[in-house]
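Chemist: model.pdb is the file, holding PDB, C-alpha atoms, pLDDT in the B column:
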```pdb
MODEL        1
ATOM      1  CA  MET A 154     -29.893  11.677  -1.645  1.00 50.00           C
ATOM      2  CA  ALA A 155     -26.472  13.270  -1.288  1.00 52.00           C
ATOM      3  CA  SER A 156     -23.795  12.770  -3.885  1.00 53.00           C
ATOM      4  CA  MET A 157     -20.051  13.423  -3.870  1.00 52.00           C
ATOM      5  CA  GLN A 158     -20.728  16.916  -5.249  1.00 54.00           C
ATOM      6  CA  ASP A 159     -22.871  17.760  -2.187  1.00 52.00           C
ATOM      7  CA  VAL A 160     -20.011  17.122   0.249  1.00 51.00           C
ATOM      8  CA  PRO A 161     -18.388  20.369   1.413  1.00 54.00           C
ATOM      9  CA  ALA A 162     -14.762  20.841   0.410  1.00 50.00           C
ATOM     10  CA  SER A 163     -13.642  21.048   4.047  1.00 53.00           C
ATOM     11  CA  ALA A 164     -15.162  17.634   4.844  1.00 49.00           C
ATOM     12  CA  ASP A 165     -13.486  16.126   1.779  1.00 51.00           C
ATOM     13  CA  ARG A 166     -10.144  17.675   2.784  1.00 53.00           C
ATOM     14  CA  ARG A 167     -10.535  16.391   6.363  1.00 54.00           C
ATOM     15  CA  ARG A 168     -11.262  12.890   5.068  1.00 54.00           C
ATOM     16  CA  SER A 169      -8.220  13.084   2.803  1.00 57.00           C
ATOM     17  CA  HIS A 170      -5.965  14.143   5.675  1.00 62.00           C
ATOM     18  CA  HIS A 171      -7.347  11.377   7.903  1.00 63.00           C
ATOM     19  CA  GLY A 172      -6.553   8.822   5.182  1.00 70.00           C
ATOM     20  CA  ALA A 173      -3.086  10.306   4.776  1.00 76.00           C
ATOM     21  CA  VAL A 174      -2.428   9.923   8.509  1.00 80.00           C
ATOM     22  CA  LEU A 175      -3.513   6.276   8.429  1.00 82.00           C
ATOM     23  CA  HIS A 176      -1.286   5.611   5.437  1.00 81.00           C
ATOM     24  CA  GLY A 177       1.537   7.397   7.261  1.00 83.00           C
ATOM     25  CA  VAL A 178       1.115   4.904  10.102  1.00 87.00           C
ATOM     26  CA  ALA A 179       1.311   2.125   7.504  1.00 87.00           C
ATOM     27  CA  VAL A 180       4.596   3.608   6.227  1.00 90.00           C
ATOM     28  CA  VAL A 181       6.010   3.434   9.769  1.00 92.00           C
ATOM     29  CA  ILE A 182       4.857  -0.168  10.241  1.00 92.00           C
ATOM     30  CA  PHE A 183       6.301  -1.266   6.906  1.00 92.00           C
ATOM     31  CA  GLY A 184       9.499   0.632   7.735  1.00 93.00           C
ATOM     32  CA  LEU A 185       9.776  -1.402  10.929  1.00 94.00           C
ATOM     33  CA  MET A 186       9.402  -4.535   8.801  1.00 93.00           C
ATOM     34  CA  VAL A 187      12.333  -3.399   6.647  1.00 94.00           C
ATOM     35  CA  TRP A 188      14.373  -2.743   9.788  1.00 95.00           C
ATOM     36  CA  SER A 189      13.494  -6.193  11.119  1.00 92.00           C
ATOM     37  CA  GLY A 190      14.464  -7.788   7.801  1.00 93.00           C
ATOM     38  CA  VAL A 191      17.807  -5.982   7.669  1.00 94.00           C
ATOM     39  CA  ASP A 192      18.490  -7.069  11.240  1.00 94.00           C
ATOM     40  CA  GLY A 193      17.636 -10.646  10.244  1.00 90.00           C
ATOM     41  CA  LEU A 194      20.093 -10.437   7.381  1.00 92.00           C
ATOM     42  CA  GLY A 195      22.722  -9.200   9.801  1.00 92.00           C
ATOM     43  CA  VAL A 196      22.401 -12.271  12.028  1.00 92.00           C
ATOM     44  CA  GLY A 197      22.250 -14.754   9.162  1.00 88.00           C
ATOM     45  CA  ALA A 198      18.510 -15.340   8.902  1.00 88.00           C
ATOM     46  CA  GLN A 199      18.207 -14.751   5.162  1.00 89.00           C
ATOM     47  CA  ALA A 200      15.085 -16.905   4.869  1.00 91.00           C
ATOM     48  CA  LEU A 201      13.182 -14.453   7.075  1.00 91.00           C
ATOM     49  CA  GLY A 202      15.177 -11.294   6.342  1.00 93.00           C
ATOM     50  CA  VAL A 203      14.927 -11.095   2.555  1.00 94.00           C
ATOM     51  CA  PRO A 204      11.129 -11.554   2.339  1.00 94.00           C
ATOM     52  CA  MET A 205      10.657  -9.110   5.228  1.00 94.00           C
ATOM     53  CA  VAL A 206      12.737  -6.487   3.398  1.00 95.00           C
ATOM     54  CA  ILE A 207      10.763  -7.070   0.182  1.00 95.00           C
ATOM     55  CA  THR A 208       7.411  -6.841   1.961  1.00 95.00           C
ATOM     56  CA  GLY A 209       8.367  -3.821   4.054  1.00 95.00           C
ATOM     57  CA  ALA A 210       9.929  -1.878   1.195  1.00 95.00           C
ATOM     58  CA  ALA A 211       7.002  -2.528  -1.136  1.00 95.00           C
ATOM     59  CA  GLY A 212       4.431  -1.674   1.514  1.00 93.00           C
ATOM     60  CA  ALA A 213       6.195   1.523   2.590  1.00 94.00           C
ATOM     61  CA  THR A 214       6.723   2.644  -1.003  1.00 93.00           C
ATOM     62  CA  GLY A 215       3.126   1.858  -1.954  1.00 91.00           C
ATOM     63  CA  ALA A 216       1.736   3.675   1.083  1.00 89.00           C
ATOM     64  CA  LEU A 217       3.981   6.697   0.370  1.00 91.00           C
ATOM     65  CA  VAL A 218       2.778   6.853  -3.247  1.00 88.00           C
ATOM     66  CA  ILE A 219      -0.817   6.709  -2.051  1.00 85.00           C
ATOM     67  CA  VAL A 220      -0.220   9.448   0.556  1.00 85.00           C
ATOM     68  CA  TRP A 221       1.411  11.584  -2.120  1.00 84.00           C
ATOM     69  CA  SER A 222      -1.527  11.084  -4.469  1.00 81.00           C
ATOM     70  CA  MET A 223      -4.046  11.892  -1.720  1.00 77.00           C
ATOM     71  CA  LEU A 224      -2.341  15.124  -0.650  1.00 76.00           C
ATOM     72  CA  ARG A 225      -1.272  16.313  -4.089  1.00 71.00           C
ATOM     73  CA  ARG A 226      -2.964  19.494  -5.171  1.00 62.00           C
ATOM     74  CA  PRO A 227      -3.492  20.080  -8.887  1.00 57.00           C
ATOM     75  CA  GLY A 228      -1.528  22.943 -10.414  1.00 57.00           C
ATOM     76  CA  LEU A 229      -3.046  25.911 -12.189  1.00 51.00           C
ATOM     77  CA  ASN A 230      -3.019  24.276 -15.622  1.00 52.00           C
ATOM     78  CA  ALA A 231      -3.562  20.734 -14.381  1.00 56.00           C
ATOM     79  CA  ASP A 232      -6.481  18.611 -15.424  1.00 55.00           C
ATOM     80  CA  PRO A 233      -8.961  18.665 -12.482  1.00 55.00           C
ATOM     81  CA  ARG A 234     -10.149  15.123 -13.126  1.00 56.00           C
ATOM     82  CA  PRO A 235      -8.730  12.438 -10.803  1.00 58.00           C
ATOM     83  CA  PRO A 236      -7.325   9.850 -13.299  1.00 63.00           C
ATOM     84  CA  ALA A 237      -3.668  10.680 -12.578  1.00 61.00           C
ATOM     85  CA  ARG A 238      -4.268  10.365  -8.864  1.00 63.00           C
ATOM     86  CA  MET A 239      -6.125   7.093  -9.289  1.00 74.00           C
ATOM     87  CA  SER A 240      -3.579   5.654 -11.709  1.00 80.00           C
ATOM     88  CA  ALA A 241      -0.798   6.321  -9.169  1.00 81.00           C
ATOM     89  CA  GLN A 242      -2.823   4.509  -6.521  1.00 84.00           C
ATOM     90  CA  ARG A 243      -3.584   1.658  -8.903  1.00 88.00           C
ATOM     91  CA  ALA A 244       0.107   1.282  -9.775  1.00 89.00           C
ATOM     92  CA  ALA A 245       0.999   1.250  -6.075  1.00 89.00           C
ATOM     93  CA  ARG A 246      -1.615  -1.433  -5.382  1.00 90.00           C
ATOM     94  CA  ILE A 247      -0.432  -3.621  -8.256  1.00 92.00           C
ATOM     95  CA  GLY A 248       3.192  -3.221  -7.172  1.00 93.00           C
ATOM     96  CA  MET A 249       2.346  -4.211  -3.604  1.00 93.00           C
ATOM     97  CA  ALA A 250       0.416  -7.273  -4.767  1.00 94.00           C
ATOM     98  CA  LEU A 251       3.295  -8.404  -6.993  1.00 95.00           C
ATOM     99  CA  ALA A 252       5.789  -7.842  -4.173  1.00 95.00           C
ATOM    100  CA  ALA A 253       3.625  -9.942  -1.849  1.00 95.00           C
ATOM    101  CA  VAL A 254       3.776 -12.855  -4.269  1.00 95.00           C
ATOM    102  CA  ALA A 255       7.525 -12.361  -4.752  1.00 95.00           C
ATOM    103  CA  ALA A 256       8.140 -12.259  -0.990  1.00 95.00           C
ATOM    104  CA  VAL A 257       6.315 -15.538  -0.434  1.00 94.00           C
ATOM    105  CA  ALA A 258       8.116 -17.182  -3.367  1.00 95.00           C
ATOM    106  CA  VAL A 259      11.532 -16.006  -2.142  1.00 95.00           C
ATOM    107  CA  GLY A 260      10.671 -17.172   1.366  1.00 93.00           C
ATOM    108  CA  VAL A 261       9.825 -20.656   0.121  1.00 94.00           C
ATOM    109  CA  VAL A 262      13.023 -20.841  -1.930  1.00 94.00           C
ATOM    110  CA  LEU A 263      15.229 -19.631   0.923  1.00 93.00           C
ATOM    111  CA  ALA A 264      13.510 -21.675   3.656  1.00 91.00           C
ATOM    112  CA  PRO A 265      15.999 -23.959   5.369  1.00 91.00           C
ATOM    113  CA  ILE A 266      15.744 -27.725   5.272  1.00 91.00           C
ATOM    114  CA  GLY A 267      14.750 -29.091   8.643  1.00 89.00           C
ATOM    115  CA  TRP A 268      12.226 -28.636  11.384  1.00 89.00           C
ATOM    116  CA  GLU A 269      12.025 -24.825  11.022  1.00 90.00           C
ATOM    117  CA  ARG A 270      11.117 -24.893   7.311  1.00 92.00           C
ATOM    118  CA  GLU A 271       7.356 -24.871   7.939  1.00 93.00           C
ATOM    119  CA  PHE A 272       7.689 -22.002  10.430  1.00 93.00           C
ATOM    120  CA  VAL A 273       9.708 -19.876   8.003  1.00 93.00           C
ATOM    121  CA  ILE A 274       7.256 -20.535   5.174  1.00 94.00           C
ATOM    122  CA  ALA A 275       4.305 -19.712   7.461  1.00 94.00           C
ATOM    123  CA  VAL A 276       5.850 -16.435   8.636  1.00 94.00           C
ATOM    124  CA  ASN A 277       6.634 -15.392   5.069  1.00 94.00           C
ATOM    125  CA  GLY A 278       3.158 -16.433   3.960  1.00 94.00           C
ATOM    126  CA  VAL A 279       1.538 -14.322   6.671  1.00 94.00           C
ATOM    127  CA  THR A 280       3.632 -11.229   5.924  1.00 94.00           C
ATOM    128  CA  GLY A 281       3.069 -11.589   2.188  1.00 94.00           C
ATOM    129  CA  GLY A 282      -0.625 -12.209   2.812  1.00 94.00           C
ATOM    130  CA  LEU A 283      -0.938  -9.080   4.943  1.00 92.00           C
ATOM    131  CA  LEU A 284       0.652  -7.013   2.183  1.00 93.00           C
ATOM    132  CA  ALA A 285      -1.676  -8.624  -0.354  1.00 93.00           C
ATOM    133  CA  VAL A 286      -4.666  -7.691   1.839  1.00 91.00           C
ATOM    134  CA  PHE A 287      -3.383  -4.132   2.381  1.00 89.00           C
ATOM    135  CA  ALA A 288      -2.882  -3.572  -1.366  1.00 87.00           C
ATOM    136  CA  PRO A 289      -6.548  -3.465  -2.474  1.00 87.00           C
ATOM    137  CA  LEU A 290      -7.682  -1.732   0.727  1.00 83.00           C
ATOM    138  CA  ALA A 291      -5.139   1.082   0.470  1.00 79.00           C
ATOM    139  CA  GLY A 292      -6.067   4.398  -1.053  1.00 75.00           C
ATOM    140  CA  GLY A 293      -8.747   6.969  -0.658  1.00 62.00           C
ATOM    141  CA  ARG A 294     -12.387   6.096  -0.322  1.00 55.00           C
ATOM    142  CA  ALA A 295     -13.166   8.742  -2.940  1.00 46.00           C
ATOM    143  CA  ALA A 296     -11.023   6.942  -5.524  1.00 49.00           C
ATOM    144  CA  ARG A 297     -12.974   3.726  -5.043  1.00 49.00           C
ATOM    145  CA  ALA A 298     -16.307   5.602  -4.945  1.00 50.00           C
ATOM    146  CA  GLN A 299     -15.594   7.263  -8.271  1.00 47.00           C
ATOM    147  CA  GLY A 300     -14.848   3.890  -9.819  1.00 50.00           C
ATOM    148  CA  GLU A 301     -11.255   3.982 -10.954  1.00 48.00           C
ATOM    149  CA  ASP A 302     -11.863   0.908 -13.086  1.00 47.00           C
ATOM    150  CA  ARG A 303     -14.557   2.603 -15.168  1.00 47.00           C
ATOM    151  CA  PRO A 304     -13.397   3.790 -18.563  1.00 47.00           C
ATOM    152  CA  GLN A 305     -13.034   7.562 -18.928  1.00 47.00           C
ATOM    153  CA  ARG A 306     -15.218   9.258 -21.535  1.00 45.00           C
TER     154      ARG A 306
ENDMDL
END
```
Show me this structure written as structure tokens.
Modeler:
Amino acid sequence: MASMQDVPASADRRRSHHGAVLHGVAVVIFGLMVWSGVDGLGVGAQALGVPMVITGAAGATGALVIVWSMLRRPGLNADPRPPARMSAQRAARIGMALAAVAAVAVGVVLAPIGWEREFVIAVNGVTGGLLAVFAPLAGGRAARAQGEDRPQR
């Protein structure tokens, strides 16, 4: 049975670059959400604009931190173990999850009174929910395989 140590370095590097590309696409998508939110603020749709900016900014920042941690190469005197890389990814995931909750809460508070209230709350709930789903799924497969939640010895 093969273990992580049996995987050639080139295959691990290829997998890391593939994950970085996918997270780069996520950065673009979340950036478009920020752009959409700023445009909404410009036309007076604060109830949709503010949560969209929160969700997009948190998602883009979290995905960028994860890309950085995936592509970062340890220095000459750096500790070769992956805890720093995994702790950066964990912090990004926690930040994205908290931002998802904040975006939904802000969307509910800013939702207008009237017939469009339910629509605004639903849109903000979906965008916050998508960020909340992306948060635990983001990051390298190797980080989850090595068990970032296990205590270090």
Chemist: I would like the residues chosen by the PyMOL selection byres ((chain A and resi 268-279) around 12) on the shown file; could you give them as a PyMOL selection string?
Modeler: chain A and resi 186+190+198-209+252-267+280-286
Chemist: Can you work out the spacing between atom CA of A:Gly193 and atom CA of A:Leu217 in Å, to one decimal?
Modeler: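 Rounded to one decimal, the two atoms are 24.2 Å apart.
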Chemist: In Å, how far is it from atom CA of A:Gly215 to atom CA of A:Trp188?
Modeler: 16.9 Å
Chemist: Write out as an mmCIF file with C-alpha atoms, in the frame of the given file which residues come within 6 Å of A:Ile219 when counting all atoms listed in the file, dropping same-chain ones fewer than 2 positions away.
Modeler:
```
data_model
loop_
_atom_site.group_PDB
_atom_site.id
_atom_site.type_symbol
_atom_site.label_atom_id
_atom_site.label_comp_id
_atom_site.auth_asym_id
_atom_site.auth_seq_id
_atom_site.Cartn_x
_atom_site.Cartn_y
_atom_site.Cartn_z
ATOM 1 C CA ALA A 216 1.736 3.675 1.083
ATOM 2 C CA LEU A 217 3.981 6.697 0.370
ATOM 3 C CA TRP A 221 1.411 11.584 -2.120
ATOM 4 C CA SER A 222 -1.527 11.084 -4.469
ATOM 5 C CA GLN A 242 -2.823 4.509 -6.521
ATOM 6 C CA GLY A 292 -6.067 4.398 -1.053
#
```
Chemist: Identify which of the residues A:Ala291, A:Val181, A:Ala245, A:Leu251 lies closest to A:Thr214, counting all atoms listed in the file when measuring atom-to-atom distances.
Modeler: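 Closest residue, counting all atoms listed in the file: A:Ala245.
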Chemist: Could you work out how far atom CA of A:Ala241 lies from atom CA of A:Val174, giving the answer in Å with one decimal?
Modeler: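 Atom-to-atom, atom CA of A:Val174 to atom CA of A:Ala241, that is 18.1 Å.
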Chemist: With all atoms listed in the file as the atoms that count, which of A:Val196, A:Ala211, A:Ile247, A:Val191 lies nearest to A:Ala179?
Modeler: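 Closest residue, counting all atoms listed in the file: A:Ala211.
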Chemist: Starting from 8 Å padding per side, set up an axis-aligned box that covers all listed atoms of stretch 257-261 of chain A and hand over centre and edge lengths in Å, one decimal, as lines of an AutoDock Vina configuration file.
Modeler:
```
center_x = 8.9
center_y = -18.1
center_z = -1.0
size_x = 21.2
size_y = 21.1
size_z = 20.7
```
Chemist: With all atoms listed in the file as the counted atoms, please give the residues lying no more than 8 Å from A:Arg246, apart from itself and same-chain residues fewer than 2 positions off, as a list in words.
Modeler: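 Here the qualifying residues turn out to be Gly215, Gln242, Arg243, Ala244, Gly248, Met249, Ala250, Ala288, Pro289 and Ala291 of chain A.
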Chemist: Which one of A:Val180, A:Asp192, A:Val187, A:Val218 sits closest to A:Met239 if you count all atoms listed in the file?
Modeler: A:Val218
